[in-house]
Structure formats: C-alpha cells, structure tokens
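Data first, discussion second: the structure below is written as structure tokens.
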Amino acid sequence: MARTGCQRSIPLDPQVFSIQKLGGCVICKVCPQRNGKLRAMKACHVAEHCATKLHKDSFILSLRTQEKKNRSLLARSLSPPLTPAAHSRLTYDLSPPEDPERPTTPSPPSVTSAEDDDNDHDHEQLPQLWDPSTQMFAIEEPDLYSELIAARNRGDTLFTCSLQPLADELGLDDDDMLDPPPDDNEFGLFLEDEEDHINNQRMDDSTYPWPSKATFITDLLFGSTRLRFSEAQKKAVLSWAREMGAQNVPTLYALRKAQDHVRSCVGNPTCKVTASSSNIFYINAIGSAIAKDYSNPLTRFSMHDYPEDGRGNMSQVHHGSKMLHELPEELLVPSVRVNNNIYFRNELLQSTTGFFIPTHFFQGNISSHDAERASLQVLALGHPVVRTEAGFAVDPERVILEVSSFQRTYIDLQTDVHLCGFTSTSQSFAAGMPNPLREKSNGRLVLTVPLIIFMDDVSGNVSKQWNKHHAVYMSNASMPREMLEKEFCVRFVSSSPHASPMELIKAVKESIAAAAEEGIVAYDCKHRDEVMLIPYGLFEAGDNPMQAEECSHGGLHCNYFCRTCKVGGTMSMKQSDEGYLKLFEIGELRRPEETIQQILEQIELSKLSGGTTKVQNTVSLTGTRDTTSASIVDRLLELGKCLRKREPGKPAINEREVRQTLEREYEEMLGGLSVEDHINPLLDMPGLNIHQDTPTEILHTILLGVVKYFWGQTIWILDKAHLVKTFQTRLDNINKDGLNSPTLGAEYICRYSGSLIGKHFKSLAQLMPFLIYDLVPSTVLNGWTVIGQLVVLLWHTRIDDIEEYLTRLTRTIDDFLNISVQCAPSIILTKSKFHFLLHIPAYIQRFGPPILFSTERFESFNSVFRLSCIHSNRQAPSRDSCNAFAYNDILKHVATGGFWMESKSKRWMHAAPGVLNYIANHPEQRHLLGVPTVHENHPASSVIAVNGDKVTIGKYAILRGNELSIGKIVEIIVSESNTRLATHVVVRPLHFLPDIHPQLQLPQLQLADEDRLLLPSDILSAVNVQHDCASSSCDEFVSVNTRQERTETTKMKTSLIHKNTGRFVLNAHSLHNYALISQVIPHPLRMAMNLPYFPNSREVRLKAARAVRAKKAGNPAEGTGSAPPVFERTTRKSKQGGKGKKAQQVAAGPSLQPPIPPTPVHLTASHPPPIPAYAGPYHHAMQPPTGIPPTPVHLTASHPPPMLAYAGPYHHAMYPSPYVFPQGPFMYPLPSPANTHWHAGP
C-alpha cells in the first residue's frame, strides 16, 4: 500500500531544518554530523526527532554558539533567534501513514547524499567548541555543583544508577543479549536507506546474504566463539575503525539488522521448553544442526553413510558392532542410491543375478583382505528370491550382494504385467512392500544419523565462584574421528541453571524423536540432491556420576556400584573369597526393562507403611535410584508419614484412608500423564540400551581415576623417604622430545602434586618408570610400567587386529588389577573405577577405539560455553546461550559454503563468492570459526619428518630403510641456494640389544659409532628415547643457574649429569607415534614385553582378600604373612607412651628394597607368538624355543578370558556373536566360499 505525504500545519524553521531538493528528505542542521554528513529523515519523523534529548541539547548548543558569534562580531541578526521555549512550542500536525504494515521499529541509519554537504558551513564542528586561547569551554554551561547542592537540600536522589550487588560475580556486564528497544538505533532516527538495502538485497550481490563486505567481516569478527566481545567492546572497536578512516563501518544497529536477516534466511532453531516441574529453558532443535552437517561441504564429504566391516581393523564408530548388528530394524539405513535409483530395505528388486530382497546395507570389501589398499563398496545382506509358477519364493538364508548389481527397483517391477505374487510360505515378506519410507520420503534418499550426546555440569563463571549450569552438546557420529575432535563439529544443544539433567535430556529425546518422526529434509551437497534423515542416539558420553544418573543408578558408593552389570553386594560379601573374586569379573548385565520395573516398584513401596525403609532396602539391593521420579517418591513418603503420625487425643487415620489419600496425591502429581512419562526418559529411548550405551570414559576413569590414585600413593612414598627433590631433578632433566608437547613442569608438578589435571597425568603415565626405577618398591614400579602399557593401548586411534588388541588389553588390565591389589588389597572394594576397567574391551568392540567415546573434546568446549555466559545479563541464561550458539552455527555454516532453503524462491542457496573467497584467503578468520589452519615451518636447525614432526639436531627419529630403525640426528645439510631447504640429513643409528630392560621392561638401545647419510624423506617421525640411567648409574648432580623471564638468574637448581655410556631405552609408552614405535621394535622383544606378570591371578587375588579380612580383624600380618602392602598407610603406637602422655604415631612407611626384576625369558626370532588368535577361553601356553629348559608359562583355566561372556566368542571382527534372524538362529557367515554365496555380477 502506498504511503501518503505528511501534512504540516506550519512550515519548518529554516534555521533548524532544510528540505533536500531531490527526494524531499528533511535535514536537521543542528544535530552532530554522522560520518561527515548531516542527518536526514522523512517529514513524518520530524516530531519524533524533535522530542529526542539529543536534538534538544544540540538545539540549545547551537543557540549559545550563535550568541557567542554575535557578541564577538558586535552585530545583531536581522531576525531574533529562536529561544528554547519558542522551539518547544512548535507543533506538527502529522497524520499517520495509511500503510498498516509499516514497521514500528526504527530503521537503520543510512548515508546521506553529497548534496547536503553544502550546508556544512552553518554548523560548528566539535573541535571548534574548545577555545584554545583560554583553554576552557566557550559554552556557558549551568553550575552543576550548585544544582547538586540544591538537589541535596531538597532531599532529591542525586544518582539514580544503582551499584551492582556485592554478591554478584565481578565481571563484564553486557546487555548484548537484551531485546533491543524500539529506538536502539543511533540518535533515535528512522534512516531507511540501509534497511531497504538489507531487505531488498539481491541474491547475486557479492556478499550475499550480508549487505556489504564491511558488515560481513564485522559480523565474522564479533561472531567468534572463543573471542567474545561485550557490547562496550564492540562499540569501541567500531569507533576505532571509524577514527582510523575505515570505509562503510556499520553501526551496531545495522549489524543486528544484518544478523536478523541472515537468521531469517537460514532459520532460527531455538525453541522454548517448559518442563513438568514448571522449569523453563531453551533448546536448539537437533534436526537443524543435522541438516547443516549434510549441507556443508566441510562436514558432508567426510561422512560415512553406512556401517563398515573393517575385517579386523577398527578406527571409527561405524566399525563398531552396534551399528553393524545391534540396531533395531527401524534404525538401520533404509535405502541406497544406485545409478540415480533409490532402493529400499525389505523391497523386492532385480539384480544382474536375479531377484533379491535386501535387509541390511553396509560397507565392506569383498575383493581384497588388505583394507588399506582396497576400495570400499556398499554391500547388501538379504534374501535371494526365486521366481516359480506359484510366485516368488524367498530363501530364508541370507547372502551378501554388491549394490552395484542392482538394476530395477520395486516400483519398476510393479509395472511389469508378468509380475506374479509370492508363495504362501513367503507372504510375510510381501506384507512389508513397499517400504513406508518410500512414500514418506517422496523419492528422496533416506539415511539414518547416529548421534553422540554429552551432558555435564559446568560453571558459568570465570572466577572460582561456582555458578552451576547443566549443558548438553552433540556430535554427528557419521563423521570420522578426525572431524569429531574438531571444535567446528561440536554442537551446542541446551543449557540451564534451573532445570535438572533429566529434564534437559528429556527435551533432547523429544527433539530427536520429533525429527525422526517427521524426517529431516536437507540438501545433500555431496550428491546435490535432497535427502531425508532419521536421527537416533548412539551412546551417551559423560563422566561417571552423570552416566550413573542417566542409567537411574545410585552411583559409585552403592553396594552394587556398577551401572553396567550387577556386580557387588554387602561389604561382608565382597570381603569373602567368592565375593572378592567376583569383583574382577563382569556380572550379569543390567537391562532397561528391569530398571523400569524396579523404579515402579519403588513408587509403589512409597505408598506403604514403613515405605522409607522399604525403598532404602530396595535401592540397597538393586543399586537403582531414579532422580526423575525421586520427587514423586519423596512426596509420597513425606505425606505418608504425616498421615500415619499418631497425635495425642486424635484417633489414628485408617490405613485404607491413607492409601486413598496417597493415591489421589499420586494421580495429581502425574498430571494426567502415565507414570512412564515421569521416570528416566532414556530407559525407553529407541535404539538406546542405556546400561550398555554409556561407555567407560577414559579421561575420568583412567587419568583422573586409577592414574591419579597411583600418583597420590607414589608421591606419598617419595615424600616419606625424602626423595621428592631427586624425583623433581630427574623430571626436570628428562628428555621430552617425541612426546607431542607434554605438560611436564617439574617444579609445578612436585609443589602442587595434589592439584594436577588430566594433561599432567597423561604426561606422567608415559615417563614415570624412567623417574622412579630405584626410588620405590618393585610393585609400584611394575604398576607404573603396566600403566604406561595400558595408556598406550587405550589411546590408540587405529586398531589393526581387533582380536590381538583385545587380548593384549585384557591381559594388561588383569596385570594392573593384580598389581593394584598387591599394593592396596582394599582398593577394589573402595574404588569402583578399577572394576570399570573390565568393561572397556566390550565397549571398544561396540563403539570402536576408546578415544571415540572420550569426553576431552566436550570438556574443552566447556570454555566456549563459559564465555557465552559471562557476556549475558543473566536474566535469561538458557535463552541467551541458545541464541548465541544458534547464530554462531549459522555464521559458520553460511561462511564456509553451507546451503540453506531460500524462503522466497524456494531454492537451495549458498553464500556469494565474495564471502567464500574471503574465508578461503584469510586463515586467521578460519581459525576464529574453529576451522583448523596448518602452519608449516622449516628452520635450518631442524627437519620436518614425514608425519609433520619437527626433529632438531641431537634428537631421535624413526628412519626408513630396508627395515625401520632409530637414529640420532647429527647434522642437517641445506641447499646453497635456499638455506631453509634441507637436502640431506646425517644420522647415527641406535641398535636394539637382544634383551629388554630388566627393570623397565622396555627395549634397550646402543648408540653406534658410524654415521649414515639419508634424505629428509627418510625421517618418518620423532621418537622419545631416554638415557639408561639405571644401568649407567647416573647419580652425579651439579648446580646450574635457573632462567626466569628469558634471563639467567643467580638462583641455582640441581641438574643431573648423564654418563656417556651410549646406552638408551626406547620409550614404548609414548602416545605420540605409537604405531611406528610398535613396528620398529623387533618381534622377539615385542613378545617379551607382552608376557604376563602373574601366571596365577587367582592366588594373587585370594591373598589380597585374606589381607583385607586380616586388616579388618586388626592383625594385618596374618593375611599376607609378609610385609604390609606398600600403599597401606597403617600406624603403630610408640612403646614409650605412658599415662597422661600423648602416644606417638609413626607412619609405617614402605620398605625401599631394590626392585626385583622378573625372570627374563629369551626369545628368538623363530619363537612363536605367545598370544594366539583368540578362539575361546584364554589358555596362554607358551612353548619355549629349542635349547631353553622346558619351563613354559601356563595360564590356568581359571584365568578370565579377554572378553568374558559380555561380548561373546570371537568369530570375526564384524560378526562377534551368533546373530539371531527373524526366521531363527543363524551364524552370520564369514566371507568365504564355504558358507557365503557371492554374486559379483557380470
């Protein structure tokens, strides 16, 4: 609708306003200029402008400036100037516009035309308001001091701005998250040119969807997650840019308008949720985040749409058994695209070999056993179909077929007039045709999307004051590990300081369910077509307390302390021989159905008389405690106590009436919903077995669990023996090269030994045996040696042989538990994390290497979340965080080339080339978005190895040759034309000795005398090699000056002098380049390193059980028959203590006897490996080589198998257990001609 012109009853004052010749805009000549131009507005906005404080102050200032001019020129104006009172009496009869759709919010400021610069001489500039001759303001200002005195005498409030309460955290207050007021633009003007430019922006603009390059770059700068700006900082940055002469710098209002435009184009995923407890929080729709992953080239081209049979190799989530075998029918990948045709599961199709009904799509290789060189193909597991006179007959046995052989879809076959029905025995297959998803998807490819969900409590403050929030993050498990570890791929879902964790997770579940029910329609930028996506939860990551709450488990201190199995019991039961041994085994697995029944039973028991005791007994006997329904149970127990309480003079209430009252209260608390809606929502989540899908997390269980415990006990031993200084000196002088920059500040670690974090323990686990080889008892040294082996195995990123790996891992866990109970027999009773180690092998087979379900990347993202909290006004923290992360996801998606559906044209669009090219050419901006940037450096004093490690002169590297070897870099030869280009490298080899180190159980090296000349391409990687101080007796110390602030001081510290013996030890516990380190070690030495520490684990554990009972009885010596365990901090009273005199307590410190090395076993190159391929119970019977006395190491039948009954027997990496099909049990066939029908096609 066209707007009518504004009607004015009197003309505008020509000394204050002027009218443009072109356009008819009104120019204010008294207000300060903006960007060197006068302020323009439409005539209908003049009245609003005159009412602003800025215009009134500017008008008074102009009057005083004019009077000053008149006095200085001793002349009077022909017409008297307007007075403030006269100006205030100006009235305007401004009729409202006829267009009802005219926005009521102010328009963004625009740039006035150049014609308005002609009136600049009528205005005073800001520098002219200062009189340099008198060094004072020439403007007559009111006496503020007198006004303040008068206001105080009248009793008026002098200052209306209230101070921040002292209880609040001192930090950056920011109103960036507040809803902008209607006059939030500068000076309250409706300048509509820039707003029209945003709203009428064309799709072929160079910076679409941003109106200009300056706006885009500014939005990119202020939108970084790790570089948050407050409102004041944003204004200061923009003001600085204008003062520096930058062109077209946007205002904050224009930036907000541009952000709103971009958000409206892509879509705002934030929605409000009200929990049953009336808690309000916000959540970002999960479907929107998944759609961005598939429509963004950075993420889509790395995804795997189908689970993969790795043939024994495992490195990704899609290699795990859950995605291969254990998903329900509705969550299997339902379709595949072949030659632009869509084939669905459970539909009849025609291939080059005949008719076929696929039931399962997966990736694999059927042409080569070398997974590295073979190309993956999409395969289909299904039923062959034979056409007979009676119809199609379906073979119940399933075979594997390549999808590339598919020719005709079910729809194509329906058009065939000769198509007959199915036989009577095959009618069950015909009932599911066509697949319901074919019609629902409307011809699109349908894929399922596994999700990794993380929830944790995190502080919203940067100070030590705890401001608890519960936050939920998410990752798309279709991406490989390399992408999952990047901050770019971590999605924020929800947070709240008020809602409980289970309320948040219920909203997440409903968001996933809604997306799965409707189907997420997204643009697949890989295939350039639309797809339909069905998400589901793969597993729940988190620390142990959070995972226990997600499983409705009581936690680590229950009698039945494991959330995965039913191991445990009363303390007396666990101290018995039978109960103690069961703690080293996996008990009966928990099932969600049983947990639901136990929760319902607790609710019913809360209605009975004595319900408190009955509920407590049930929790004690089962370990089940549901926080979601806890409010119902507590309310019923409290109300039942009140109703059954006997008061003097009042008759007792009948039990029947009590039950009726409780039932009514119970129905009111349900609120018309079923009781299942008020219990843990994860117990019945589709595709999720919460007890088996909360994998043991290695950060909190290993580094912050068992490693932290051993560290605390070891530092206690060193402190009692006054050896901490020796330990600190060795740590300060140890070789740190090849460890990928570990955190090893010796002074910090020893001074704050009780305040270390995960990165410290990860570094110490790789080096502790080299530091304490003669400082602690042998059991402690053996414990740290096994910890080094365990950490390396658990931080594997790729597993080449899953059977051998799980066998080694299980044996290492057994050795560690046995050493642990030798050091502290009661540790398995009091520290639940030691039992959790037993579940790790099963979780690895289910989800892949442990690094995939580690929470380190999510814990790192907590700092990003914390930054979003401190730049909020804290009035709506959940909404502010969701809005901030939602727009940040939009910004990253659009700026990196993601697609979105344009609402007007109904087309899939992406950003203009100007945006994409800017991101591609500016790595510093990519870094702000979380996209990694590679920085290469080739200094002359170092050489860059093949894997990217920087190896300096004097350090060690793994070398390429006829076989892998280790060498020391002696000299780097550079080119004469380019001194930064290495042409050759001089190395000195290190040769392996025939035996492993007797104390450290690691390979020994001897430095050679000759040098070799190699090419830089022969340097494969850096490696950590330590001097053999144990064999060389390096005990000489000297005092050296310390360096502070890059300056040498007079302060001295102790340094260790290594003897020049040429003896070294290869650090096989190094996490960095572990795969190459394992390959460079000769096979006999590798087998010797893998020998078990205890041939009879049962005897070691029974001895520990006897020690526990003896200690409880007050006679520890009876249990062991020897010295007390080294970690037992027992005390004894002094015999000289008397009456009235305090008895002395002397700690019984450990006896520091020299470590007793295990008997070495000499292995020749022809010796068969001691770890055979696992095919049943683990009977490790090692046959010695010829010439060695026949004293083999036998593992008895009581030795626990590597995977126990939890994961079933090993048959194949892809097929770990018998697979039950709907028709009956069938062993999933191995790809061999004996039991599999292969159809390779013509």
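Every chain in the structure tokens has a letter given in the order shown (A, B, ...), and although residue numbers restart at 1 in each chain, ligands are simply numbered from 1 in the order shown.
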Looking only at helix (DSSP H, G or I) from DSSP on the backbone, list the matching residues of segment 446-684 of chain A as a PyMOL selection string.
chain A and resi 481-484+487-489+501-518+544-550+571-575+577-582+592-605+611-622+630-644+655-670+675-678+681-684
Report as a ChimeraX atom specification all protein, DNA and RNA residues lying within 7 Å of segment 482-490 of chain A, evaluated on only C-alpha atoms, omitting residues in the same chain fewer than 6 positions from it.
/A:473-475,857,930-931
Selection to disk with C-alpha atoms, as a PDB file, in the first residue's frame:
```pdb
ATOM      1  CA  TYR A 473      26.391 -30.959  23.488  1.00  0.00           C
ATOM      2  CA  MET A 474      26.121 -33.219  20.471  1.00  0.00           C
ATOM      3  CA  SER A 475      28.259 -34.646  17.669  1.00  0.00           C
ATOM      4  CA  ARG A 857      36.727 -32.582  23.247  1.00  0.00           C
ATOM      5  CA  GLY A 930      37.114 -23.226  14.588  1.00  0.00           C
ATOM      6  CA  VAL A 931      38.376 -24.430  11.199  1.00  0.00           C
TER       7      VAL A 931
END
```
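Excluding Gln363 of chain A itself and any same-chain residue fewer than 4 positions from it, the protein and nucleic acid residues within 10 Å of it, counting only C-alpha atoms, are His304, Asp305, Tyr306, Pro307, Glu308, Asp309, Gly310, His318, His319, Leu324, Ser375, Leu376, Gln377, Val378, Leu379, Ala380 and Glu402 of chain A.
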Restrict the selected residues to all heavy atoms and save them as a compact mmCIF listing (two decimals), in the first residue's frame.
```txt
# COMPACT_ATOMS: atom_id res chain seq x y z
N HIS A 304 30.41 -41.03 6.62
CA HIS A 304 30.16 -42.40 6.19
C HIS A 304 28.67 -42.69 6.43
O HIS A 304 28.21 -42.65 7.57
CB HIS A 304 31.03 -43.39 6.96
CG HIS A 304 32.48 -43.31 6.62
ND1 HIS A 304 33.11 -44.21 5.78
CD2 HIS A 304 33.43 -42.42 6.99
CE1 HIS A 304 34.38 -43.89 5.66
NE2 HIS A 304 34.60 -42.80 6.38
N ASP A 305 27.96 -42.99 5.36
CA ASP A 305 26.52 -43.18 5.47
C ASP A 305 26.13 -44.57 5.94
O ASP A 305 24.99 -44.77 6.37
CB ASP A 305 25.85 -42.89 4.12
CG ASP A 305 26.06 -41.46 3.66
OD1 ASP A 305 26.21 -40.59 4.53
OD2 ASP A 305 26.11 -41.22 2.44
N TYR A 306 27.04 -45.52 5.87
CA TYR A 306 26.71 -46.90 6.17
C TYR A 306 27.74 -47.47 7.15
O TYR A 306 28.92 -47.07 7.13
CB TYR A 306 26.69 -47.75 4.90
CG TYR A 306 25.73 -47.25 3.86
CD1 TYR A 306 26.15 -46.36 2.87
CD2 TYR A 306 24.40 -47.64 3.86
CE1 TYR A 306 25.27 -45.88 1.91
CE2 TYR A 306 23.51 -47.16 2.91
CZ TYR A 306 23.95 -46.28 1.95
OH TYR A 306 23.06 -45.80 1.01
N PRO A 307 27.35 -48.39 8.02
CA PRO A 307 28.35 -49.07 8.87
C PRO A 307 29.32 -49.86 8.02
O PRO A 307 29.01 -50.23 6.87
CB PRO A 307 27.49 -49.97 9.76
CG PRO A 307 26.21 -50.15 9.02
CD PRO A 307 25.99 -48.88 8.26
N GLU A 308 30.48 -50.12 8.57
CA GLU A 308 31.56 -50.72 7.78
C GLU A 308 32.12 -51.96 8.46
O GLU A 308 32.33 -51.97 9.68
CB GLU A 308 32.67 -49.70 7.58
CG GLU A 308 33.84 -50.21 6.75
CD GLU A 308 34.95 -49.19 6.64
OE1 GLU A 308 34.66 -47.99 6.80
OE2 GLU A 308 36.11 -49.60 6.40
N ASP A 309 32.33 -52.99 7.66
CA ASP A 309 33.04 -54.18 8.12
C ASP A 309 34.53 -53.94 7.89
O ASP A 309 35.00 -53.95 6.76
CB ASP A 309 32.55 -55.40 7.34
CG ASP A 309 33.37 -56.65 7.66
OD1 ASP A 309 34.07 -56.64 8.68
OD2 ASP A 309 33.31 -57.61 6.88
N GLY A 310 35.28 -53.72 8.99
CA GLY A 310 36.69 -53.41 8.86
C GLY A 310 37.59 -54.61 8.71
O GLY A 310 38.81 -54.45 8.64
N HIS A 318 31.64 -46.28 13.10
CA HIS A 318 30.86 -47.15 12.22
C HIS A 318 31.52 -48.51 12.03
O HIS A 318 30.98 -49.36 11.32
CB HIS A 318 30.65 -46.47 10.86
CG HIS A 318 31.90 -46.00 10.19
ND1 HIS A 318 32.33 -44.69 10.25
CD2 HIS A 318 32.85 -46.66 9.48
CE1 HIS A 318 33.45 -44.56 9.59
NE2 HIS A 318 33.80 -45.74 9.11
N HIS A 319 32.69 -48.74 12.67
CA HIS A 319 33.28 -50.08 12.69
C HIS A 319 32.75 -50.91 13.85
O HIS A 319 33.00 -52.12 13.90
CB HIS A 319 34.80 -49.99 12.80
CG HIS A 319 35.46 -49.42 11.60
ND1 HIS A 319 36.61 -48.67 11.65
CD2 HIS A 319 35.13 -49.48 10.28
CE1 HIS A 319 36.97 -48.29 10.43
NE2 HIS A 319 36.08 -48.77 9.58
N LEU A 324 26.75 -52.22 13.29
CA LEU A 324 26.73 -53.33 12.34
C LEU A 324 25.62 -54.33 12.62
O LEU A 324 25.02 -54.86 11.69
CB LEU A 324 28.08 -54.05 12.37
CG LEU A 324 29.21 -53.43 11.54
CD1 LEU A 324 30.53 -54.08 11.88
CD2 LEU A 324 28.93 -53.55 10.06
N SER A 375 39.32 -50.65 -2.03
CA SER A 375 38.30 -49.61 -2.05
C SER A 375 37.01 -50.18 -1.48
O SER A 375 36.62 -51.31 -1.79
CB SER A 375 38.08 -49.11 -3.47
OG SER A 375 37.69 -50.18 -4.31
N LEU A 376 36.36 -49.40 -0.64
CA LEU A 376 35.14 -49.86 0.00
C LEU A 376 33.99 -49.83 -0.99
O LEU A 376 33.90 -48.96 -1.86
CB LEU A 376 34.82 -48.98 1.21
CG LEU A 376 35.78 -49.08 2.40
CD1 LEU A 376 35.39 -48.09 3.47
CD2 LEU A 376 35.80 -50.49 2.96
N GLN A 377 33.10 -50.80 -0.83
CA GLN A 377 31.90 -50.87 -1.64
C GLN A 377 30.70 -51.00 -0.71
O GLN A 377 30.82 -51.52 0.41
CB GLN A 377 31.94 -52.09 -2.58
CG GLN A 377 33.18 -52.18 -3.44
CD GLN A 377 33.21 -53.48 -4.22
OE1 GLN A 377 32.25 -53.81 -4.92
NE2 GLN A 377 34.30 -54.21 -4.12
N VAL A 378 29.57 -50.51 -1.17
CA VAL A 378 28.34 -50.69 -0.42
C VAL A 378 27.79 -52.07 -0.76
O VAL A 378 27.57 -52.40 -1.94
CB VAL A 378 27.32 -49.60 -0.76
CG1 VAL A 378 26.04 -49.81 0.05
CG2 VAL A 378 27.90 -48.22 -0.47
N LEU A 379 27.57 -52.87 0.27
CA LEU A 379 27.07 -54.24 0.12
C LEU A 379 25.70 -54.34 0.74
O LEU A 379 25.30 -53.53 1.58
CB LEU A 379 28.03 -55.24 0.77
CG LEU A 379 29.50 -55.16 0.35
CD1 LEU A 379 30.34 -56.13 1.16
CD2 LEU A 379 29.64 -55.44 -1.14
N ALA A 380 24.98 -55.36 0.33
CA ALA A 380 23.63 -55.59 0.84
C ALA A 380 23.55 -57.03 1.33
O ALA A 380 23.94 -57.97 0.63
CB ALA A 380 22.58 -55.34 -0.24
N GLU A 402 26.61 -57.19 -3.92
CA GLU A 402 27.03 -55.82 -4.20
C GLU A 402 25.85 -55.01 -4.73
O GLU A 402 25.13 -55.46 -5.62
CB GLU A 402 28.17 -55.81 -5.23
CG GLU A 402 29.44 -56.50 -4.78
CD GLU A 402 30.50 -56.45 -5.85
OE1 GLU A 402 30.37 -55.61 -6.77
OE2 GLU A 402 31.45 -57.24 -5.78
```
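With only C-alpha atoms as the atoms that count, the minimum distance from Asp774 of chain A to the choices A:Lys56, A:Ser620, A:Ile603, A:Leu1000 is reached by A:Leu1000.
A straight line drawn from atom CA of Met502 of chain A to atom CA of Arg625 of chain A is 13.0 Å long.
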